[in-house]
Every structure is written in structure tokens, then in C-alpha cells.
Amino acid sequence: MSQTTTGLPSRDQVQSEYKWHVEDIYANEDLWQTDFAKVKDSLPQILQYKETLAQSAGKLLSCLKLRDDINITAGKLFAYARLHRDEDTANAKYQSLVGKTEGLLAEASAATSFIEPEILAIPDEILAAFRRDQSLAEYSFYFDNLTRLKQHVLSPAEEEILSRSVEATQASETTFNMLAHADMKFPEIAGEDGKIIALSEGRYRSLIMSTDRRVRKDAFTGLFGTYNAFRNTFAATLSGNVKKNMFYARTRKYNSTLESALSDGNIPVSVYENLVATINKNLAPLHRYVALKKKALNLDSIHMYDLYTPLAKEVKFNIAYSDGLKLVRDGLAPLGPEYSEILNKGLTSGWIDVYENKGKQTGAYCWGVYGVHPFVLLNYNNRLEDVSTLAHEMGHAIHSYYSQATQPYATSQYTIFTAEVASTTNEILLNDFLLKTTTDKQKKLYLINQYLEMVRTTVYRQTMFAEFEKSIYDKAESGETLTADLLDEMWHDLNAKYYGPEIVVDTEIDIEWARIPHFYWNFYVYQYVTGYAAATTLAENMLNESDGAQQRYIGFLKSGGSDYPINILKKAGVDMSTPQPIELTLNKFSNMLDELEKLLFSS
Ligand SMILES: [Zn+2]
């Protein structure tokens, strides 16, 4: 079944074996309506617990249990509406169910909002006495995590002022988004076929990979020239955002903005510092990659605009869905028989919505529905990356499956820090399998190029972002002003350091900091690197069949949100506070450079 060229089928033309079974949540809409009414009726009920939670362990327990029931059922209601809507986003009936559920979720969140402040107000010794009651055991980590940050919670009056300030302090980020994504106009350039096209952020991403050097250079100059014309405004929005985060961190009595940003997941600042320091000690492989690229592309000098162009010819993989399934099953075999069995169950019992149809939500995602099963949306189109996406989303799905089957609701949700570990491990295993089984030289080169670019852009580039981000906060926190000149200089120096002696750091790149939306996400990007390094280590352990690696990995998938992410990973065999996972990742990168060199230069 291929739907690449001609018109897309309508939803009802798609064969049922390629559709997910939303009816596993509710067999019909009447059952949905019944549950909707049930949640609505529970809201006045939960409000009756207000100002009673300090009375007894029993009261506290029944309130938390009722909240769990509300959340579980509301989660099913929302999933049913959203999954159906995503099958055809133009379907008015499900649009209205989504709207209705969003209203209910907001009501539920308002009705339960008294619970956490009230628990925090229970005197320590009384809460400790309650917690000795075994019936509260499943909430043990929840209490630890909630009370851990007690010292950063202010008085009710101060909290109210802070919550009212949020809208006003968003202005820098809003201005950045408006300028970069609505108002700025990029110049026109001649594309590969000579036709004039208007440059945009979206088009830049493919133009910078062009094998025609003139095209990628024009795109590069056009894009950064435009950002540069607004350099002082961008410096003001970035600096305004830094000041906003500093304000909240200081008001909440943190030692630094970094410490405050990492406190959500209880990630030690040393994990962040270790990452930046370890990458700094291991820049040599990236320098070697740049030199190899220069040689392979036969360039006199290699410029910033040459970095994204591939070393291998584009190879068309045409992989039917049934073959994609086989690749994923074979590629994930190192995860062991138990994992394979669940994977098989997921692939064959209505978890996945496979093909594109008219109006279907684009992209891919996984949605775990507690008490039912995970759902995976794909838009499978026979490309290699579609197979990778399937492996990735099944990683999320099986992580959800294990966590929800093992954990009570209170600890079933995993954090962002561990979420992408489960999906990336699968992608890495699949890629490894493809590399081992591909004999065609062009295909092999293509796969190696994909891998190297992945590590360059995920591990090295995102750490460079993380280093920049830490430096600008260090400067701002010690009273320096973040001017456009200062930011340009810092960005230039980082590029020179990361890409090494062969690269010509064109001055146009100096303004690149201005276009990175992640710098408005408050110390977010380092998790791409820690996640990738953790996944590489876990995959490597299983490929080398090191003792108990599979069982430890399954243990990780089962742990959901029952502990802090760093502890969960440690138990799985990866210690993110040490250099080892990052070093292992870069060793693998170096080995791949050896392979590339062999394929390209030895006959
Ligand atoms: Zn993902």
C-alpha cells in the first residue's frame, strides 16, 4: 500500500488492520458520556476534602485516591477525543469533544489545586506520623518529591504575586517569537535549479544541506544577514529572558538559575558541569570529522556553510510497512525475548495508526493511556526515517506499557529526562542492526553519514548550546550586560573551539545565537545530550551482552516515575554524573569515523 503520489484516501478508505483501536478506551460514545458525567460529579466531592487533609492519614489517603481516579478517567476521556480528532482534524464532532474535555480538565485542575499547598502546610512531624501508615506507601516518593522543594515555596501572599507576574514576564519570549517567526522577512535566493525562491527558516534547513556550494553559501549569508540586521533587538529579548529566569530563581532562594532549572527533576548541577567539561576534553573527534569532511568534499578550505552537506549520495530506501516491521523486530532483538513479546503484541493489536489519510494529524507521537494501552500515531511513507520513527515511538510505547503495568498511578509517569532514553535506545539498536547487515557501499556510507551527523548535531552542537547558555547566565548573574557584541564574540569563540583548526569561522555565524528558540526554554537542551549518551551506553551494554544488561534495562522501563531520573538511570547501569557514558558515545563516534575513512579513501 503506497500513498506517496496520488490523492490521499479518506479516513474510511484506510483498511482497518492499519488503524489503531480507540474503541479499546471506550467501545462507544455513550460510555464516554457516562464517564464524563462521573468525573463532573466527583469534583464537588473532592472539594469536600478542603481543609481536612491534616486531620488524619485516612482523610489524606482517600483524597489522593479520589484525585487519582479523577485523573485516570479524565485521561481516558481526553485520549479518546484527541485520538479520534487526530484521525481527521477536520471532524467537527471530535473537535467539540476535545473542547468539552479541555473544559473539564481545567475544572478538575482548579478543584484539586488546594491539595498540594495543603499538604505542604501540614507540619513535618504530623506528615511523618501519617506516612508511617502503610496505606500511604504508594505515595511515598510523591511526598518526598513534593516536600523536597518546600524551602523554595514562599508565603501564600508572595506566591500569589509571583503567579500574577507570569503573564507580564513572558514579554521577551513573545517578542522573540513575533520577530523571528512572524515579522522578519528573509531575502530571495536562486535555488539548485536556478529558480528564485524566498528564503525561510524551514527552507534553510534543506538548502544548507545542498551539494551545490553556491546555494548553501547564499542561504547561509541570506539567513544570518537578516538576523544580524536585528541584532540589538535579539540581544534585548535574550537578555530580558535571562533576567526573567534570574528573577524567579533568586526570589525562590536558589543559588543560581541553573540550580533552579534543574531542581524540577532533582538533577544535580554537577551532571550539567560534567557534561560540558567532558565534551571539552573530547573535541578531537569532532575536529577530525571536520578535516575528513574537507578532504572528502575536496575543498581548499572548509567553511561554516559546508558543515551540513552530506558525504554520501542520497539513497532511496523503499521499505514497505511489513518490511519495516521486520526490521524493527530484528533490530530490537538485543532487548531480549520478553521485550520482543511485548513489541509484537504492540505491533499486532491496535496500538498503531500507520498510514496518512486526508486530514490526519502530521508527524508521529506516542500516547500512553493508563489502564488501557499506549497508542502510536505514524504517517508511514516507506522511507528509512519512517522505520526509525516506528522504532522510536515503540520505545516510548513499551516504556509506558511497562511503567503503567508496574507502577500505581502516582508513580507511573516518567520524566522528560528519561523519556527520550527509551526511544533513542531503540533508534540506536535499529541503526546498529542496519549498519551490520548493509553490504551495499552507497547505503552503508549513507547510514554512517546519518549517524555522524546525528552525533555532531545532538551531542556536540547541543553541548555547545548548553555551554553558551551557562556562560550567559554566569555573566548576567555576576552583573555583566549581555550586549549583541558580547554574545557575538562568545558564539564565535565557541564555534572556533568546537569545530577546530580546519574550520573557517565565517563572521556571519556570530549572530546564530539569535535564532535558537531553545535559549528561551531555560536550560533544556543539555537533556538531548544526556539522553543520547545514556541510550548509547544502555544499547552498547545489551549489544555486548554484559551481565544482566537486559534485565536492568527492563527494570528501568518498569520504574516509571518512582524515583529521581538520575537514580533510575544509575540502577539501569548508567551514571550520568560521571564522564563514562559521554566518553563511550564519543568512542563509538571515533570508530565510525575510522569506518568512514576506510570506505572513502581505501580502495
Ligand atoms: Zn520521542
# chains A, B, ... in the order shown; residues from 1 in each chain; ligands from 1

$ select_by_dssp --residues "range 348-425 of chain A" --states "helix (DSSP H, G or I)" --output "PyMOL selection string"
chain A and resi 348+384-406+409-411+416-425

$ residues_near_ligand --ligand "ligand 1" --cutoff "12 Å" --atoms "only C-alpha atoms and all ligand atoms" --output "PyMOL selection string"
chain A and resi 363-367+376+388-397+399+416-427+528+531-532

$ closest_residue --among "A:Tyr18, A:Tyr49, A:Phe556, A:Tyr460" --to "Pro285 in chain A" --atoms "only C-alpha atoms"
A:Tyr460

$ atom_distance --atom1 "CA of Leu179 in chain A" --atom2 "CA of Phe224 in chain A"
14.3 Å

$ residues_around --residues "Pro408 in chain A" --least-positions-apart "6" --cutoff "12 Å" --atoms "only C-alpha atoms" --output "PyMOL selection string"
chain A and resi 65+68-69+72+136-142+370-371+402+558-562

$ write_last_selection --atoms "C-alpha atoms" --output "short mmCIF file (atom, residue, chain, number, x, y, z; two decimals), in the first residue's frame"
data_model
loop_
_atom_site.label_atom_id
_atom_site.label_comp_id
_atom_site.auth_asym_id
_atom_site.auth_seq_id
_atom_site.Cartn_x
_atom_site.Cartn_y
_atom_site.Cartn_z
CA LYS A 65 -7.14 8.20 45.75
CA ASP A 68 -6.07 9.63 41.04
CA ASP A 69 -9.45 8.27 39.93
CA ILE A 72 -7.16 8.43 35.29
CA LEU A 136 0.11 5.73 52.17
CA ALA A 137 3.17 3.78 50.98
CA GLU A 138 2.45 4.19 47.27
CA TYR A 139 2.61 7.97 47.75
CA SER A 140 5.96 7.85 49.50
CA PHE A 141 8.01 9.18 46.57
CA TYR A 142 5.31 11.71 45.78
CA TYR A 370 -3.28 4.48 31.91
CA GLY A 371 -5.33 1.32 32.37
CA TYR A 402 5.85 -1.35 31.49
CA LYS A 558 9.24 -0.56 34.73
CA SER A 559 10.33 2.18 37.10
CA GLY A 560 8.21 4.97 35.57
CA GLY A 561 8.45 7.97 37.88
CA SER A 562 9.10 6.03 41.08
#

$ residues_around --residues "Leu297 in chain A" --least-positions-apart "3" --cutoff "9 Å" --atoms "only C-alpha atoms" --output "VMD selection string"
chain A and resid 292 to 294 302 306 311

$ write_last_selection --atoms "N, CA and C atoms" --output "mmCIF file, in the first residue's frame"
data_model
loop_
_atom_site.group_PDB
_atom_site.id
_atom_site.type_symbol
_atom_site.label_atom_id
_atom_site.label_comp_id
_atom_site.auth_asym_id
_atom_site.auth_seq_id
_atom_site.Cartn_x
_atom_site.Cartn_y
_atom_site.Cartn_z
ATOM 1 N N LEU A 292 38.026 15.427 7.880
ATOM 2 C CA LEU A 292 37.619 14.377 6.933
ATOM 3 C C LEU A 292 36.614 14.898 5.913
ATOM 4 N N LYS A 293 35.711 15.712 6.392
ATOM 5 C CA LYS A 293 34.688 16.288 5.517
ATOM 6 C C LYS A 293 35.350 17.179 4.458
ATOM 7 N N LYS A 294 36.309 17.947 4.900
ATOM 8 C CA LYS A 294 37.023 18.835 3.985
ATOM 9 C C LYS A 294 37.698 18.013 2.875
ATOM 10 N N ILE A 302 37.374 24.624 4.511
ATOM 11 C CA ILE A 302 36.004 24.258 4.870
ATOM 12 C C ILE A 302 35.376 25.367 5.712
ATOM 13 N N ASP A 306 29.602 24.652 4.973
ATOM 14 C CA ASP A 306 29.881 23.331 4.385
ATOM 15 C C ASP A 306 29.559 22.189 5.351
ATOM 16 N N LEU A 311 28.092 13.574 3.092
ATOM 17 C CA LEU A 311 29.250 12.965 2.439
ATOM 18 C C LEU A 311 28.828 11.833 1.523
#

$ closest_residue --among "A:Asn298, A:Thr112, A:Asn357, A:Gln450" --to "Leu434 in chain A" --atoms "only C-alpha atoms"
A:Gln450

$ closest_residue --among "A:Val242, A:Leu447, A:Met576, A:Ile398" --to "Gln170 in chain A" --atoms "only C-alpha atoms"
A:Val242

$ closest_residue --among "A:Ala312, A:Leu332, A:Leu557, A:Leu146" --to "Lys444 in chain A" --atoms "only C-alpha atoms"
A:Ala312

$ closest_residue --among "A:Asp386, A:Glu87, A:Glu192, A:Glu201" --to "Arg515 in chain A" --atoms "only C-alpha atoms"
A:Glu201

$ residues_around --residues "Arg231 in chain A" --least-positions-apart "4" --cutoff "7 Å" --atoms "only C-alpha atoms" --output "list in words"
Tyr227, Ala235 and Ala484 of chain A

$ residues_around --residues "Leu452 in chain A" --least-positions-apart "5" --cutoff "8 Å" --atoms "only C-alpha atoms" --output "list in words"
Phe589, Met592 and Leu593 of chain A

$ closest_residue --among "A:Glu29, A:Glu502, A:Glu341, A:Glu595" --to "His287 in chain A" --atoms "only C-alpha atoms"
A:Glu502

$ select_by_dssp --residues "range 151-282 of chain A" --states "strand (DSSP E or B)" --output "list in words"
Glu188, Ile189, Ala190, Ile196, Ile197 and Ala198 of chain A

$ write_last_selection --atoms "N, CA, C and O atoms" --output "compact mmCIF listing (two decimals), in the first residue's frame"
# COMPACT_ATOMS: atom_id res chain seq x y z
N GLU A 188 15.40 36.76 -1.15
CA GLU A 188 15.23 35.71 -2.15
C GLU A 188 16.60 35.26 -2.63
O GLU A 188 17.53 36.06 -2.72
N ILE A 189 16.72 33.96 -2.89
CA ILE A 189 17.98 33.46 -3.47
C ILE A 189 17.64 32.50 -4.62
O ILE A 189 16.49 32.08 -4.75
N ALA A 190 18.63 32.19 -5.43
CA ALA A 190 18.42 31.21 -6.51
C ALA A 190 18.63 29.81 -5.94
O ALA A 190 19.64 29.54 -5.32
N ILE A 196 14.29 31.46 -8.60
CA ILE A 196 14.34 32.33 -7.42
C ILE A 196 13.31 31.86 -6.37
O ILE A 196 12.15 31.66 -6.69
N ILE A 197 13.78 31.68 -5.14
CA ILE A 197 12.86 31.30 -4.07
C ILE A 197 13.06 32.21 -2.85
O ILE A 197 14.16 32.74 -2.65
N ALA A 198 11.99 32.40 -2.10
CA ALA A 198 12.11 33.19 -0.87
C ALA A 198 12.69 32.30 0.22
O ALA A 198 12.20 31.20 0.47

$ residues_around --residues "Tyr248 in chain A" --least-positions-apart "2" --cutoff "12 Å" --atoms "only C-alpha atoms" --output "PDB file with N, CA, C and O atoms, in the first residue's frame"
ATOM      1  N   HIS A 152      11.691  26.329  48.927  1.00  0.00           N
ATOM      2  CA  HIS A 152      11.607  27.291  47.832  1.00  0.00           C
ATOM      3  C   HIS A 152      10.173  27.787  47.602  1.00  0.00           C
ATOM      4  O   HIS A 152       9.913  28.504  46.653  1.00  0.00           O
ATOM      5  N   VAL A 153       9.254  27.327  48.454  1.00  0.00           N
ATOM      6  CA  VAL A 153       7.874  27.811  48.357  1.00  0.00           C
ATOM      7  C   VAL A 153       7.738  29.006  49.297  1.00  0.00           C
ATOM      8  O   VAL A 153       8.169  28.956  50.443  1.00  0.00           O
ATOM      9  N   LEU A 154       7.159  30.088  48.777  1.00  0.00           N
ATOM     10  CA  LEU A 154       7.057  31.315  49.572  1.00  0.00           C
ATOM     11  C   LEU A 154       5.710  31.372  50.300  1.00  0.00           C
ATOM     12  O   LEU A 154       4.905  30.446  50.208  1.00  0.00           O
ATOM     13  N   GLU A 158       2.981  35.952  48.799  1.00  0.00           N
ATOM     14  CA  GLU A 158       4.079  36.094  47.831  1.00  0.00           C
ATOM     15  C   GLU A 158       3.853  35.196  46.615  1.00  0.00           C
ATOM     16  O   GLU A 158       4.091  35.603  45.476  1.00  0.00           O
ATOM     17  N   GLU A 159       3.367  33.984  46.885  1.00  0.00           N
ATOM     18  CA  GLU A 159       3.086  33.069  45.782  1.00  0.00           C
ATOM     19  C   GLU A 159       2.050  33.670  44.836  1.00  0.00           C
ATOM     20  O   GLU A 159       2.124  33.501  43.627  1.00  0.00           O
ATOM     21  N   ILE A 161       1.488  36.859  44.247  1.00  0.00           N
ATOM     22  CA  ILE A 161       2.113  37.906  43.437  1.00  0.00           C
ATOM     23  C   ILE A 161       2.926  37.269  42.312  1.00  0.00           C
ATOM     24  O   ILE A 161       2.848  37.675  41.156  1.00  0.00           O
ATOM     25  N   LEU A 162       3.686  36.230  42.664  1.00  0.00           N
ATOM     26  CA  LEU A 162       4.503  35.567  41.649  1.00  0.00           C
ATOM     27  C   LEU A 162       3.647  34.998  40.524  1.00  0.00           C
ATOM     28  O   LEU A 162       3.974  35.141  39.350  1.00  0.00           O
ATOM     29  N   SER A 163       2.533  34.353  40.904  1.00  0.00           N
ATOM     30  CA  SER A 163       1.732  33.739  39.858  1.00  0.00           C
ATOM     31  C   SER A 163       1.092  34.810  38.972  1.00  0.00           C
ATOM     32  O   SER A 163       0.896  34.595  37.786  1.00  0.00           O
ATOM     33  N   SER A 165       2.560  37.546  38.187  1.00  0.00           N
ATOM     34  CA  SER A 165       3.609  38.222  37.412  1.00  0.00           C
ATOM     35  C   SER A 165       3.927  37.483  36.108  1.00  0.00           C
ATOM     36  O   SER A 165       4.501  38.049  35.184  1.00  0.00           O
ATOM     37  N   VAL A 166       3.521  36.210  36.033  1.00  0.00           N
ATOM     38  CA  VAL A 166       3.980  35.361  34.924  1.00  0.00           C
ATOM     39  C   VAL A 166       3.638  35.944  33.552  1.00  0.00           C
ATOM     40  O   VAL A 166       4.484  35.997  32.661  1.00  0.00           O
ATOM     41  N   THR A 169       5.983  38.780  32.613  1.00  0.00           N
ATOM     42  CA  THR A 169       7.396  38.477  32.400  1.00  0.00           C
ATOM     43  C   THR A 169       7.627  37.614  31.149  1.00  0.00           C
ATOM     44  O   THR A 169       8.755  37.310  30.809  1.00  0.00           O
ATOM     45  N   ASN A 241      14.937  37.645  28.774  1.00  0.00           N
ATOM     46  CA  ASN A 241      14.530  36.313  29.209  1.00  0.00           C
ATOM     47  C   ASN A 241      15.452  35.782  30.309  1.00  0.00           C
ATOM     48  O   ASN A 241      15.001  35.162  31.268  1.00  0.00           O
ATOM     49  N   VAL A 242      16.736  36.059  30.178  1.00  0.00           N
ATOM     50  CA  VAL A 242      17.698  35.657  31.207  1.00  0.00           C
ATOM     51  C   VAL A 242      17.340  36.337  32.532  1.00  0.00           C
ATOM     52  O   VAL A 242      17.318  35.703  33.594  1.00  0.00           O
ATOM     53  N   LYS A 243      17.012  37.630  32.440  1.00  0.00           N
ATOM     54  CA  LYS A 243      16.666  38.360  33.671  1.00  0.00           C
ATOM     55  C   LYS A 243      15.399  37.827  34.302  1.00  0.00           C
ATOM     56  O   LYS A 243      15.272  37.772  35.527  1.00  0.00           O
ATOM     57  N   LYS A 244      14.445  37.426  33.463  1.00  0.00           N
ATOM     58  CA  LYS A 244      13.209  36.848  33.991  1.00  0.00           C
ATOM     59  C   LYS A 244      13.534  35.591  34.816  1.00  0.00           C
ATOM     60  O   LYS A 244      13.110  35.451  35.963  1.00  0.00           O
ATOM     61  N   ASN A 245      14.312  34.674  34.224  1.00  0.00           N
ATOM     62  CA  ASN A 245      14.623  33.422  34.936  1.00  0.00           C
ATOM     63  C   ASN A 245      15.451  33.670  36.191  1.00  0.00           C
ATOM     64  O   ASN A 245      15.282  32.989  37.199  1.00  0.00           O
ATOM     65  N   MET A 246      16.348  34.671  36.107  1.00  0.00           N
ATOM     66  CA  MET A 246      17.141  35.023  37.292  1.00  0.00           C
ATOM     67  C   MET A 246      16.237  35.543  38.405  1.00  0.00           C
ATOM     68  O   MET A 246      16.420  35.216  39.580  1.00  0.00           O
ATOM     69  N   ARG A 250      16.113  33.748  42.001  1.00  0.00           N
ATOM     70  CA  ARG A 250      16.546  34.466  43.209  1.00  0.00           C
ATOM     71  C   ARG A 250      15.414  34.613  44.202  1.00  0.00           C
ATOM     72  O   ARG A 250      15.596  34.449  45.409  1.00  0.00           O
ATOM     73  N   THR A 251      14.215  34.945  43.674  1.00  0.00           N
ATOM     74  CA  THR A 251      13.066  35.124  44.567  1.00  0.00           C
ATOM     75  C   THR A 251      12.769  33.826  45.312  1.00  0.00           C
ATOM     76  O   THR A 251      12.372  33.840  46.480  1.00  0.00           O
ATOM     77  N   ARG A 252      12.978  32.701  44.636  1.00  0.00           N
ATOM     78  CA  ARG A 252      12.720  31.405  45.276  1.00  0.00           C
ATOM     79  C   ARG A 252      13.946  30.877  46.035  1.00  0.00           C
ATOM     80  O   ARG A 252      14.007  29.711  46.409  1.00  0.00           O
ATOM     81  N   LYS A 253      14.952  31.748  46.205  1.00  0.00           N
ATOM     82  CA  LYS A 253      16.121  31.443  47.043  1.00  0.00           C
ATOM     83  C   LYS A 253      16.983  30.308  46.522  1.00  0.00           C
ATOM     84  O   LYS A 253      17.440  29.437  47.270  1.00  0.00           O
ATOM     85  N   TYR A 254      17.178  30.277  45.231  1.00  0.00           N
ATOM     86  CA  TYR A 254      18.156  29.336  44.664  1.00  0.00           C
ATOM     87  C   TYR A 254      19.504  30.034  44.542  1.00  0.00           C
ATOM     88  O   TYR A 254      19.567  31.254  44.398  1.00  0.00           O
ATOM     89  N   ASN A 255      20.574  29.231  44.534  1.00  0.00           N
ATOM     90  CA  ASN A 255      21.918  29.803  44.405  1.00  0.00           C
ATOM     91  C   ASN A 255      22.187  30.305  42.999  1.00  0.00           C
ATOM     92  O   ASN A 255      23.014  31.180  42.784  1.00  0.00           O
ATOM     93  N   SER A 256      21.536  29.688  42.001  1.00  0.00           N
ATOM     94  CA  SER A 256      21.736  30.122  40.617  1.00  0.00           C
ATOM     95  C   SER A 256      20.509  29.737  39.808  1.00  0.00           C
ATOM     96  O   SER A 256      19.699  28.908  40.230  1.00  0.00           O
ATOM     97  N   THR A 257      20.411  30.334  38.613  1.00  0.00           N
ATOM     98  CA  THR A 257      19.289  30.000  37.737  1.00  0.00           C
ATOM     99  C   THR A 257      19.403  28.553  37.272  1.00  0.00           C
ATOM    100  O   THR A 257      18.407  27.846  37.148  1.00  0.00           O
ATOM    101  N   LEU A 258      20.643  28.114  37.037  1.00  0.00           N
ATOM    102  CA  LEU A 258      20.857  26.720  36.626  1.00  0.00           C
ATOM    103  C   LEU A 258      20.334  25.763  37.698  1.00  0.00           C
ATOM    104  O   LEU A 258      19.612  24.813  37.388  1.00  0.00           O
ATOM    105  N   GLU A 259      20.692  26.033  38.942  1.00  0.00           N
ATOM    106  CA  GLU A 259      20.238  25.163  40.036  1.00  0.00           C
ATOM    107  C   GLU A 259      18.707  25.127  40.094  1.00  0.00           C
ATOM    108  O   GLU A 259      18.104  24.056  40.255  1.00  0.00           O
ATOM    109  N   SER A 260      18.084  26.276  39.898  1.00  0.00           N
ATOM    110  CA  SER A 260      16.624  26.333  39.940  1.00  0.00           C
ATOM    111  C   SER A 260      16.005  25.555  38.781  1.00  0.00           C
ATOM    112  O   SER A 260      15.047  24.810  38.957  1.00  0.00           O
ATOM    113  N   ALA A 261      16.584  25.684  37.577  1.00  0.00           N
ATOM    114  CA  ALA A 261      16.030  24.980  36.410  1.00  0.00           C
ATOM    115  C   ALA A 261      16.160  23.466  36.575  1.00  0.00           C
ATOM    116  O   ALA A 261      15.284  22.706  36.176  1.00  0.00           O
ATOM    117  N   ASN A 522      15.012  27.739  29.109  1.00  0.00           N
ATOM    118  CA  ASN A 522      15.605  27.647  30.448  1.00  0.00           C
ATOM    119  C   ASN A 522      16.331  26.322  30.734  1.00  0.00           C
ATOM    120  O   ASN A 522      15.798  25.452  31.412  1.00  0.00           O
TER     121      ASN A 522
END

$ atom_distance --atom1 "CA of Ala549 in chain A" --atom2 "CA of Leu335 in chain A"
8.9 Å
